[in-house]
Amino acid sequence: MASPSAGGSELDGVGEGKSQTGAAGDERLTSAAPREEPPPPPRSTAVLSLPQHRRMVCAEYPCRVLNVGKMLETLGGEEGMSRTYADPSKRLELYFRPRDPYCHPVCGNRFPSTSMLLRVRRRVPKPRGQGDGAPPAGDTAQQSQIDMEILGVICTTYKFQGLADFQYLAVHTEAEGTQSSMYNKILLRRPEKKEFFDQEMPLYIPPPIFSRLDNPVDYFYRPDIQHREGYLPPQLSSENLIGLSRARRPHNAIFVNFEDKAVPTEALEAAVLNWKRVCSHPNEQQSEEELRQLFQSRPVWSRNAVKANLEIHPEKLKLLLPYVAYYMLTGPWRSLWVRFGYDPRKDPKAKAYQVLDFRIRCGMKHGYAPNDMPVKAKRSTYNYSLPVTIKKAVPQPASLQEFTQGLTSSSTTSGRKPAPSRYKLKESAYVFREATLPPYRQMFYQLCDLKVERLTKIVHRNDGEESECTERDGWCLPKTNDELPPRDQVTGRPSTL
């Protein structure tokens with residue numbers, strides 16, 4: 001019984017020896033290969049829901065905020081910010097001195113954003129005494145609690161990216177170099193007596209506007225105007241006229257002054273080539289024939305009158321008009337197009353085609369507020385608000401019908417309605433009718449387009465007695481334009497017209 005026992009012990013010894021050899025080999029392999037670091041402990045995660053009903057607006061304030069109330073006051077308050085946000089074309093104004101009426105604002109640009117306002121709170125337990133079993137200092141971070149809450153989604157952000165170096169203070173520099181404030185002398189804070197307005201004070205004229213741009217830009221000066229060989233500047237009819245400040249546009253039109261002896265009988269060769277180059281479509285050929293018929297029925301036309309009676313692209317009209325007519329610069333037919341070979345200075349009937357400068361004076365001194373103007377101006381200082389607003393040009397979508405118009409006649413033969421006029425103006429663009437306001441505050445009417453009986457009588461009161469054509473009144477009696485009721489009544493309220 002002992003042998004087997006001994007044998008068994010030997011076998012066990014052999015087995016143990018093999019185990020030790022294997023362990024030694026494992027140690028050698030481990031020492032030869034780099035040890036892998038244990039994986040990091042899993043981080044804490046949280047699932048947060050976005051409150052879609054709570055949308056916010058962010059303003060990146062360019063200062064350190066210590067008082068939220070004063071910060072809102074510099075932005076116009078919540079009401080002012082709400083008005084700015086309601087108009088996407090406006091920029092957010094920041095007044096560093098909100099109570100100073102001469103403070104120039106810094107403007108913030110509006111950008112769309114995809115951000116959120118996150119509130120993070122970290123709760124750390126208060127330290128307790130050692131006898132109460134306080135945790136060690138290293139365990140404090142493990143026992144602290146972090147709470148996160150999304151307060152809202154930010155879809156719009158205002159960023160102040162402009163300069164803030166335009167400021168104009170109401171101060172006066174004395175002779176010895178000291179400066180004194182003039183705010184108490186120029187600002188009316190309460191009802192004052194006559195002595196307040198009669199007191200002597202230094203001249204203070206603040207600028208009406210500041211720079212149009214609040215970001216630095218590279219300005220490239222225009223090169224000198226290069227005229228064609230043999231170009232001569234046009235002669236002005238009188239000394240009180242302002243000369244031309246730009247070169248003529250290269251549409252090869254013929255310009256005629258009232259003092260010129262003769263009128264052209266045909267277009268320039270360059271104008272003929274320009275029109276023949278673009279007149280390759282039947283639509284252009286039809287437009288040319290219609291324009292010739294207009295000048296046969298009436299030898300003098302304004303551009304607006306032509307655009308109201310002819311359906312043609314404005315850019316092509318610029319090339320077609322110099323092909324069939326010349327342009328009058330001065331005299332009673334100024335700014336009008338005249339048929340080649342026709343001289344209105346030799347035809348007394350041409351007084352019906354003379355121009356009338358019609359203006360509606362309905363400014364603030366006549367009792368109107370800027371927003372109560374019955375007729376809006378094309379360009380007005382009331383609308384000058386740069387750089388407070390941003391006006392972005394919206395690209396017009398291209399129409400396939402514009403490119404295919406006239407290629408086929410299937411649209412008309414199939415019974416479809418013809419396309420509406422895209423380039424034609426309304427009749428009110430050149431015709432004046434009684435009890436109707438013009439589209440603009442300044443209009444140039446031809447006398448034949450005044451569809452009012454009492455005005456027509458004033459124009460034709462010297463029919464058959466015309467003896468001289470003058471530069472100011474043409475074939476009409478002297479000061480006829482001043483006697484026309486529109487020139488007298490426009491100084492009052494337009495409702496009297």
# chains A, B, ... in the order shown; residues from 1 in each chain; ligands from 1
call {"tool": "select_by_dssp", "arguments": {"residues": "stretch 60-248 of chain A", "states": "strand (DSSP E or B)", "output": "ChimeraX atom specification"}}
result
/A:60,90,92-94,106-123,145-159,171-173,179-181
call {"tool": "residues_around", "arguments": {"residues": "A:Arg122", "least_positions_apart": "5", "cutoff": "8 Å", "atoms": "only C-alpha atoms", "output": "PDB file with all heavy atoms, in the first residue's frame"}}
result
ATOM      1  N   SER A 144     -20.707  64.006  -3.951  1.00  0.00           N
ATOM      2  CA  SER A 144     -21.382  65.189  -4.470  1.00  0.00           C
ATOM      3  C   SER A 144     -22.353  64.787  -5.577  1.00  0.00           C
ATOM      4  O   SER A 144     -22.120  63.830  -6.318  1.00  0.00           O
ATOM      5  CB  SER A 144     -20.363  66.198  -5.003  1.00  0.00           C
ATOM      6  OG  SER A 144     -19.638  65.623  -6.067  1.00  0.00           O
ATOM      7  N   GLN A 145     -23.427  65.546  -5.721  1.00  0.00           N
ATOM      8  CA  GLN A 145     -24.488  65.251  -6.683  1.00  0.00           C
ATOM      9  C   GLN A 145     -24.583  66.366  -7.711  1.00  0.00           C
ATOM     10  O   GLN A 145     -24.553  67.547  -7.374  1.00  0.00           O
ATOM     11  CB  GLN A 145     -25.827  65.098  -5.958  1.00  0.00           C
ATOM     12  CG  GLN A 145     -26.987  64.724  -6.883  1.00  0.00           C
ATOM     13  CD  GLN A 145     -28.299  64.604  -6.139  1.00  0.00           C
ATOM     14  OE1 GLN A 145     -28.337  64.813  -4.918  1.00  0.00           O
ATOM     15  NE2 GLN A 145     -29.359  64.286  -6.857  1.00  0.00           N
ATOM     16  N   ILE A 146     -24.669  66.017  -9.001  1.00  0.00           N
ATOM     17  CA  ILE A 146     -24.745  66.976 -10.099  1.00  0.00           C
ATOM     18  C   ILE A 146     -26.124  66.864 -10.731  1.00  0.00           C
ATOM     19  O   ILE A 146     -26.531  65.782 -11.162  1.00  0.00           O
ATOM     20  CB  ILE A 146     -23.636  66.726 -11.139  1.00  0.00           C
ATOM     21  CG1 ILE A 146     -22.256  66.904 -10.515  1.00  0.00           C
ATOM     22  CG2 ILE A 146     -23.797  67.665 -12.326  1.00  0.00           C
ATOM     23  CD1 ILE A 146     -21.114  66.630 -11.452  1.00  0.00           C
ATOM     24  N   ASP A 147     -26.818  68.005 -10.804  1.00  0.00           N
ATOM     25  CA  ASP A 147     -28.137  68.081 -11.430  1.00  0.00           C
ATOM     26  C   ASP A 147     -28.048  68.956 -12.666  1.00  0.00           C
ATOM     27  O   ASP A 147     -27.438  70.035 -12.639  1.00  0.00           O
ATOM     28  CB  ASP A 147     -29.172  68.654 -10.460  1.00  0.00           C
ATOM     29  CG  ASP A 147     -29.355  67.756  -9.238  1.00  0.00           C
ATOM     30  OD1 ASP A 147     -29.117  66.543  -9.375  1.00  0.00           O
ATOM     31  OD2 ASP A 147     -29.720  68.290  -8.178  1.00  0.00           O
TER      32      ASP A 147
END
call {"tool": "atom_distance", "arguments": {"atom1": "atom CA of A:Met201", "atom2": "atom CA of A:Pro98"}}
result
24.5 Å
call {"tool": "closest_residue", "arguments": {"among": "A:Asn304, A:Asn109, A:Gln143, A:Gln293", "to": "A:Cys58", "atoms": "only C-alpha atoms"}}
result
A:Asn109
call {"tool": "residues_around", "arguments": {"residues": "A:Val171", "least_positions_apart": "6", "cutoff": "12 Å", "atoms": "only C-alpha atoms", "output": "MDAnalysis selection string"}}
result
chainID A and resid 102 177:186 201:206
call {"tool": "write_last_selection", "arguments": {"atoms": "all heavy atoms", "output": "CSV table (one decimal), in the first residue's frame"}}
result
chain,number,residue,atom,x,y,z
A,102,TYR,N,-27.6,111.6,-27.2
A,102,TYR,CA,-26.5,111.7,-28.2
A,102,TYR,C,-25.6,110.5,-28.2
A,102,TYR,O,-24.6,110.5,-28.9
A,102,TYR,CB,-25.7,113.0,-27.9
A,102,TYR,CG,-26.5,114.2,-27.9
A,102,TYR,CD1,-26.8,114.9,-26.8
A,102,TYR,CD2,-27.0,114.8,-29.1
A,102,TYR,CE1,-27.6,116.1,-26.8
A,102,TYR,CE2,-27.7,115.9,-29.2
A,102,TYR,CZ,-28.0,116.6,-28.0
A,102,TYR,OH,-28.8,117.7,-28.0
A,177,GLY,N,-8.3,124.8,-21.8
A,177,GLY,CA,-8.2,123.4,-22.0
A,177,GLY,C,-9.1,122.5,-21.2
A,177,GLY,O,-9.2,121.3,-21.4
A,178,THR,N,-9.8,123.1,-20.2
A,178,THR,CA,-10.8,122.3,-19.4
A,178,THR,C,-12.1,122.1,-20.2
A,178,THR,O,-12.4,122.9,-21.1
A,178,THR,CB,-11.1,123.0,-18.1
A,178,THR,OG1,-11.7,124.3,-18.4
A,178,THR,CG2,-9.8,123.2,-17.3
A,179,GLN,N,-12.8,121.0,-19.9
A,179,GLN,CA,-14.0,120.7,-20.5
A,179,GLN,C,-15.2,120.7,-19.5
A,179,GLN,O,-15.0,120.3,-18.4
A,179,GLN,CB,-13.9,119.3,-21.1
A,179,GLN,CG,-12.9,119.2,-22.3
A,179,GLN,CD,-12.9,117.8,-22.9
A,179,GLN,OE1,-13.3,116.8,-22.2
A,179,GLN,NE2,-12.3,117.7,-24.1
A,180,SER,N,-16.3,121.2,-20.0
A,180,SER,CA,-17.5,121.4,-19.2
A,180,SER,C,-18.6,120.7,-19.9
A,180,SER,O,-18.7,120.8,-21.2
A,180,SER,CB,-17.8,122.8,-18.9
A,180,SER,OG,-18.0,123.6,-20.1
A,181,SER,N,-19.5,120.1,-19.2
A,181,SER,CA,-20.7,119.5,-19.8
A,181,SER,C,-21.8,120.5,-20.1
A,181,SER,O,-22.0,121.5,-19.4
A,181,SER,CB,-21.3,118.5,-18.8
A,181,SER,OG,-22.5,117.9,-19.3
A,182,MET,N,-22.5,120.2,-21.2
A,182,MET,CA,-23.6,121.1,-21.7
A,182,MET,C,-24.9,120.4,-21.6
A,182,MET,O,-25.9,121.0,-22.2
A,182,MET,CB,-23.3,121.6,-23.1
A,182,MET,CG,-22.0,122.4,-23.2
A,182,MET,SD,-21.9,123.2,-24.9
A,182,MET,CE,-21.9,121.8,-25.9
A,183,TYR,N,-25.0,119.3,-21.0
A,183,TYR,CA,-26.3,118.6,-21.0
A,183,TYR,C,-27.4,119.3,-20.3
A,183,TYR,O,-28.5,119.3,-20.6
A,183,TYR,CB,-26.1,117.2,-20.3
A,183,TYR,CG,-25.4,116.2,-21.2
A,183,TYR,CD1,-24.0,116.0,-21.1
A,183,TYR,CD2,-26.1,115.5,-22.2
A,183,TYR,CE1,-23.4,115.1,-21.9
A,183,TYR,CE2,-25.4,114.6,-23.1
A,183,TYR,CZ,-24.1,114.4,-22.9
A,183,TYR,OH,-23.4,113.5,-23.7
A,184,ASN,N,-27.0,120.0,-19.2
A,184,ASN,CA,-28.0,120.8,-18.4
A,184,ASN,C,-28.5,122.0,-19.2
A,184,ASN,O,-29.6,122.6,-18.9
A,184,ASN,CB,-27.5,121.2,-17.1
A,184,ASN,CG,-27.2,120.1,-16.2
A,184,ASN,OD1,-27.9,119.0,-16.3
A,184,ASN,ND2,-26.2,120.2,-15.3
A,185,LYS,N,-27.8,122.4,-20.3
A,185,LYS,CA,-28.2,123.6,-21.0
A,185,LYS,C,-28.9,123.2,-22.3
A,185,LYS,O,-29.7,124.0,-22.9
A,185,LYS,CB,-27.0,124.4,-21.4
A,185,LYS,CG,-26.2,124.9,-20.2
A,185,LYS,CD,-25.0,125.8,-20.6
A,185,LYS,CE,-24.3,126.3,-19.4
A,185,LYS,NZ,-23.1,127.1,-19.9
A,186,ILE,N,-28.8,122.0,-22.8
A,186,ILE,CA,-29.4,121.6,-24.1
A,186,ILE,C,-30.5,120.6,-23.9
A,186,ILE,O,-31.3,120.5,-24.8
A,186,ILE,CB,-28.3,121.1,-25.0
A,186,ILE,CG1,-27.7,119.8,-24.5
A,186,ILE,CG2,-27.3,122.1,-25.4
A,186,ILE,CD1,-26.7,119.2,-25.4
A,201,MET,N,-24.8,130.1,-24.7
A,201,MET,CA,-24.2,128.8,-24.6
A,201,MET,C,-23.3,128.6,-25.9
A,201,MET,O,-23.6,129.2,-26.9
A,201,MET,CB,-25.2,127.6,-24.5
A,201,MET,CG,-26.1,127.5,-25.6
A,201,MET,SD,-27.1,126.0,-25.5
A,201,MET,CE,-25.9,124.8,-25.6
A,202,PRO,N,-22.3,127.8,-25.8
A,202,PRO,CA,-21.5,127.6,-27.0
A,202,PRO,C,-22.3,126.8,-28.1
A,202,PRO,O,-23.3,126.2,-27.9
A,202,PRO,CB,-20.3,126.7,-26.5
A,202,PRO,CG,-20.3,126.9,-25.0
A,202,PRO,CD,-21.7,127.1,-24.7
A,203,LEU,N,-21.8,127.0,-29.3
A,203,LEU,CA,-22.5,126.4,-30.5
A,203,LEU,C,-22.3,124.9,-30.4
A,203,LEU,O,-21.2,124.4,-30.3
A,203,LEU,CB,-21.9,126.9,-31.8
A,203,LEU,CG,-22.5,126.4,-33.1
A,203,LEU,CD1,-24.0,126.7,-33.2
A,203,LEU,CD2,-21.8,126.8,-34.3
A,204,TYR,N,-23.4,124.1,-30.5
A,204,TYR,CA,-23.3,122.7,-30.4
A,204,TYR,C,-24.2,122.1,-31.5
A,204,TYR,O,-25.4,122.2,-31.5
A,204,TYR,CB,-23.8,122.2,-29.0
A,204,TYR,CG,-23.9,120.7,-28.9
A,204,TYR,CD1,-22.8,119.9,-28.9
A,204,TYR,CD2,-25.1,120.0,-28.9
A,204,TYR,CE1,-22.8,118.5,-28.8
A,204,TYR,CE2,-25.2,118.7,-28.8
A,204,TYR,CZ,-24.1,117.9,-28.7
A,204,TYR,OH,-24.1,116.6,-28.6
A,205,ILE,N,-23.6,121.5,-32.5
A,205,ILE,CA,-24.3,121.0,-33.7
A,205,ILE,C,-23.8,119.5,-33.8
A,205,ILE,O,-22.8,119.2,-34.3
A,205,ILE,CB,-24.0,121.7,-35.0
A,205,ILE,CG1,-24.3,123.2,-34.8
A,205,ILE,CG2,-24.8,121.1,-36.1
A,205,ILE,CD1,-24.0,124.0,-36.0
A,206,PRO,N,-24.6,118.6,-33.3
A,206,PRO,CA,-24.2,117.1,-33.4
A,206,PRO,C,-24.4,116.7,-34.8
A,206,PRO,O,-25.2,117.2,-35.6
A,206,PRO,CB,-25.2,116.4,-32.5
A,206,PRO,CG,-26.4,117.3,-32.4
A,206,PRO,CD,-25.9,118.7,-32.5
call {"tool": "residues_around", "arguments": {"residues": "A:Pro264", "least_positions_apart": "2", "cutoff": "9 Å", "atoms": "only C-alpha atoms", "output": "list of chain:residue names"}}
result
A:Ile254, A:Val256, A:Ala262, A:Glu266, A:Ala267, A:Ala325, A:Tyr326, A:Phe340, A:Gly341, A:Tyr342
call {"tool": "write_last_selection", "arguments": {"atoms": "all heavy atoms", "output": "CSV table (one decimal), in the first residue's frame"}}
result
chain,number,residue,atom,x,y,z
A,254,ILE,N,-28.4,109.2,-78.7
A,254,ILE,CA,-28.1,110.5,-79.1
A,254,ILE,C,-28.8,111.5,-78.2
A,254,ILE,O,-30.0,111.5,-78.1
A,254,ILE,CB,-28.5,110.7,-80.6
A,254,ILE,CG1,-27.8,109.7,-81.5
A,254,ILE,CG2,-28.2,112.1,-81.0
A,254,ILE,CD1,-28.2,109.8,-82.9
A,256,VAL,N,-29.6,115.4,-77.2
A,256,VAL,CA,-29.8,116.7,-77.9
A,256,VAL,C,-30.2,117.7,-76.8
A,256,VAL,O,-31.1,117.5,-76.0
A,256,VAL,CB,-30.9,116.6,-79.0
A,256,VAL,CG1,-31.2,118.0,-79.6
A,256,VAL,CG2,-30.6,115.6,-80.0
A,262,ALA,N,-29.9,121.4,-85.1
A,262,ALA,CA,-30.5,120.3,-85.9
A,262,ALA,C,-30.8,119.1,-85.0
A,262,ALA,O,-30.1,118.9,-83.9
A,262,ALA,CB,-29.7,119.9,-87.1
A,266,GLU,N,-31.3,109.6,-87.9
A,266,GLU,CA,-31.2,108.2,-87.8
A,266,GLU,C,-30.3,107.8,-86.6
A,266,GLU,O,-29.6,108.7,-86.1
A,266,GLU,CB,-30.6,107.6,-89.1
A,266,GLU,CG,-29.2,108.2,-89.4
A,266,GLU,CD,-28.7,107.6,-90.7
A,266,GLU,OE1,-29.4,106.8,-91.4
A,266,GLU,OE2,-27.5,108.0,-91.1
A,267,ALA,N,-30.3,106.6,-86.2
A,267,ALA,CA,-29.6,106.1,-85.0
A,267,ALA,C,-28.1,106.0,-85.4
A,267,ALA,O,-27.7,105.9,-86.6
A,267,ALA,CB,-30.2,104.8,-84.5
A,325,ALA,N,-35.3,106.5,-81.5
A,325,ALA,CA,-35.5,107.9,-81.0
A,325,ALA,C,-34.3,108.5,-80.4
A,325,ALA,O,-33.3,107.7,-80.1
A,325,ALA,CB,-36.7,107.9,-80.0
A,326,TYR,N,-34.3,109.8,-80.3
A,326,TYR,CA,-33.2,110.5,-79.6
A,326,TYR,C,-33.7,111.1,-78.3
A,326,TYR,O,-34.9,111.2,-78.1
A,326,TYR,CB,-32.5,111.5,-80.5
A,326,TYR,CG,-33.4,112.7,-80.8
A,326,TYR,CD1,-33.5,113.8,-80.0
A,326,TYR,CD2,-34.2,112.6,-82.0
A,326,TYR,CE1,-34.3,114.9,-80.4
A,326,TYR,CE2,-35.1,113.7,-82.3
A,326,TYR,CZ,-35.1,114.8,-81.5
A,326,TYR,OH,-35.9,115.9,-81.8
A,340,PHE,N,-36.9,110.1,-84.4
A,340,PHE,CA,-35.9,110.6,-85.3
A,340,PHE,C,-36.5,111.4,-86.4
A,340,PHE,O,-37.5,111.1,-87.0
A,340,PHE,CB,-35.0,109.4,-85.9
A,340,PHE,CG,-34.0,108.9,-85.0
A,340,PHE,CD1,-34.0,107.5,-84.7
A,340,PHE,CD2,-33.1,109.7,-84.4
A,340,PHE,CE1,-33.1,107.0,-83.8
A,340,PHE,CE2,-32.1,109.2,-83.5
A,340,PHE,CZ,-32.1,107.8,-83.2
A,341,GLY,N,-35.9,112.6,-86.7
A,341,GLY,CA,-36.3,113.5,-87.7
A,341,GLY,C,-37.4,114.5,-87.3
A,341,GLY,O,-37.7,115.4,-88.1
A,342,TYR,N,-37.9,114.3,-86.1
A,342,TYR,CA,-39.0,115.2,-85.6
A,342,TYR,C,-38.4,116.2,-84.7
A,342,TYR,O,-37.7,115.9,-83.7
A,342,TYR,CB,-40.1,114.5,-84.9
A,342,TYR,CG,-41.2,115.3,-84.4
A,342,TYR,CD1,-42.2,115.8,-85.2
A,342,TYR,CD2,-41.3,115.6,-83.1
A,342,TYR,CE1,-43.2,116.6,-84.8
A,342,TYR,CE2,-42.3,116.4,-82.6
A,342,TYR,CZ,-43.3,116.9,-83.4
A,342,TYR,OH,-44.3,117.7,-82.9
call {"tool": "residues_around", "arguments": {"residues": "stretch 420-435 of chain A", "least_positions_apart": "6", "cutoff": "7 Å", "atoms": "only C-alpha atoms", "output": "PyMOL selection string"}}
result
chain A and resi 304-305+307-313+445+449-452+497
call {"tool": "atom_distance", "arguments": {"atom1": "atom CA of A:Leu163", "atom2": "atom CA of A:Asn215"}}
result
6.2 Å
call {"tool": "closest_residue", "arguments": {"among": "A:Met56, A:Val263, A:Leu329, A:Leu213", "to": "A:Ala164", "atoms": "only C-alpha atoms"}}
result
A:Leu213
call {"tool": "residues_around", "arguments": {"residues": "A:His104", "least_positions_apart": "2", "cutoff": "9 Å", "atoms": "only C-alpha atoms", "output": "ChimeraX atom specification"}}
result
/A:94-97,101-102,106,164,166-168,210
call {"tool": "write_last_selection", "arguments": {"atoms": "C-alpha atoms", "output": "PDB file, in the first residue's frame"}}
result
ATOM      1  CA  LEU A  94     -26.859  98.659 -27.386  1.00  0.00           C
ATOM      2  CA  TYR A  95     -26.527 102.102 -25.786  1.00  0.00           C
ATOM      3  CA  PHE A  96     -23.726 102.307 -23.247  1.00  0.00           C
ATOM      4  CA  ARG A  97     -25.302 105.554 -21.984  1.00  0.00           C
ATOM      5  CA  PRO A 101     -29.817 111.113 -26.361  1.00  0.00           C
ATOM      6  CA  TYR A 102     -26.507 111.704 -28.167  1.00  0.00           C
ATOM      7  CA  VAL A 106     -23.434  99.517 -31.043  1.00  0.00           C
ATOM      8  CA  ALA A 164     -17.860 101.143 -30.911  1.00  0.00           C
ATOM      9  CA  PHE A 166     -18.212 106.646 -32.790  1.00  0.00           C
ATOM     10  CA  GLN A 167     -19.373 108.750 -29.841  1.00  0.00           C
ATOM     11  CA  TYR A 168     -20.223 112.426 -29.655  1.00  0.00           C
ATOM     12  CA  PHE A 210     -22.535 108.671 -38.370  1.00  0.00           C
TER      13      PHE A 210
END
call {"tool": "select_by_dssp", "arguments": {"residues": "stretch 164-292 of chain A", "states": "alpha helix (DSSP H)", "output": "ChimeraX atom specification"}}
result
/A:183-186,194-198,269-278,282-292
call {"tool": "atom_distance", "arguments": {"atom1": "atom CA of A:Phe111", "atom2": "atom CA of A:Pro216"}}
result
19.8 Å
call {"tool": "decode", "arguments": {"residues": "stretch 277-285 of chain A", "atoms": "all heavy atoms", "output": "compact mmCIF listing (two decimals), in the first residue's frame"}}
result
# COMPACT_ATOMS: atom_id res chain seq x y z
N ARG A 277 -28.00 92.69 -82.58
CA ARG A 277 -27.36 91.56 -81.91
C ARG A 277 -28.33 90.82 -81.00
O ARG A 277 -28.25 89.59 -80.85
CB ARG A 277 -26.16 92.05 -81.10
CG ARG A 277 -25.31 90.91 -80.52
CD ARG A 277 -24.16 91.42 -79.69
NE ARG A 277 -24.60 92.07 -78.46
CZ ARG A 277 -24.59 93.37 -78.25
NH1 ARG A 277 -24.18 94.20 -79.20
NH2 ARG A 277 -25.00 93.88 -77.10
N VAL A 278 -29.24 91.54 -80.35
CA VAL A 278 -30.19 90.91 -79.43
C VAL A 278 -31.53 90.64 -80.10
O VAL A 278 -32.35 89.90 -79.54
CB VAL A 278 -30.39 91.78 -78.18
CG1 VAL A 278 -29.08 91.97 -77.45
CG2 VAL A 278 -31.01 93.12 -78.54
N CYS A 279 -31.79 91.25 -81.25
CA CYS A 279 -33.09 91.08 -81.91
C CYS A 279 -33.06 89.82 -82.77
O CYS A 279 -33.02 89.88 -84.00
CB CYS A 279 -33.41 92.31 -82.76
SG CYS A 279 -35.03 92.24 -83.54
N SER A 280 -33.04 88.69 -82.10
CA SER A 280 -33.00 87.42 -82.80
C SER A 280 -34.25 86.58 -82.57
O SER A 280 -34.38 85.50 -83.15
CB SER A 280 -31.77 86.61 -82.36
OG SER A 280 -31.79 86.41 -80.95
N HIS A 281 -35.14 87.07 -81.75
CA HIS A 281 -36.34 86.31 -81.40
C HIS A 281 -37.56 87.04 -81.96
O HIS A 281 -37.58 88.27 -82.06
CB HIS A 281 -36.45 86.20 -79.88
CG HIS A 281 -37.39 85.13 -79.43
ND1 HIS A 281 -38.73 85.33 -79.29
CD2 HIS A 281 -37.17 83.83 -79.09
CE1 HIS A 281 -39.32 84.22 -78.89
NE2 HIS A 281 -38.38 83.30 -78.74
N PRO A 282 -38.59 86.33 -82.35
CA PRO A 282 -39.80 87.01 -82.86
C PRO A 282 -40.40 87.99 -81.87
O PRO A 282 -41.03 88.99 -82.28
CB PRO A 282 -40.75 85.86 -83.17
CG PRO A 282 -39.85 84.68 -83.41
CD PRO A 282 -38.68 84.86 -82.51
N ASN A 283 -40.23 87.75 -80.59
CA ASN A 283 -40.78 88.68 -79.59
C ASN A 283 -40.11 90.05 -79.68
O ASN A 283 -40.76 91.09 -79.59
CB ASN A 283 -40.61 88.11 -78.19
CG ASN A 283 -41.63 87.04 -77.89
OD1 ASN A 283 -42.56 86.83 -78.65
ND2 ASN A 283 -41.45 86.35 -76.78
N GLU A 284 -38.78 90.06 -79.87
CA GLU A 284 -38.08 91.32 -80.00
C GLU A 284 -38.48 92.05 -81.28
O GLU A 284 -38.63 93.28 -81.30
CB GLU A 284 -36.56 91.10 -79.97
CG GLU A 284 -35.98 90.88 -78.58
CD GLU A 284 -36.21 89.47 -78.09
OE1 GLU A 284 -36.53 88.59 -78.91
OE2 GLU A 284 -36.07 89.24 -76.87
N GLN A 285 -38.64 91.31 -82.34
CA GLN A 285 -39.07 91.95 -83.59
C GLN A 285 -40.47 92.54 -83.46
O GLN A 285 -40.75 93.63 -83.99
CB GLN A 285 -39.02 90.92 -84.72
CG GLN A 285 -37.63 90.35 -84.97
CD GLN A 285 -37.64 89.24 -86.00
OE1 GLN A 285 -38.68 88.92 -86.59
NE2 GLN A 285 -36.47 88.64 -86.23
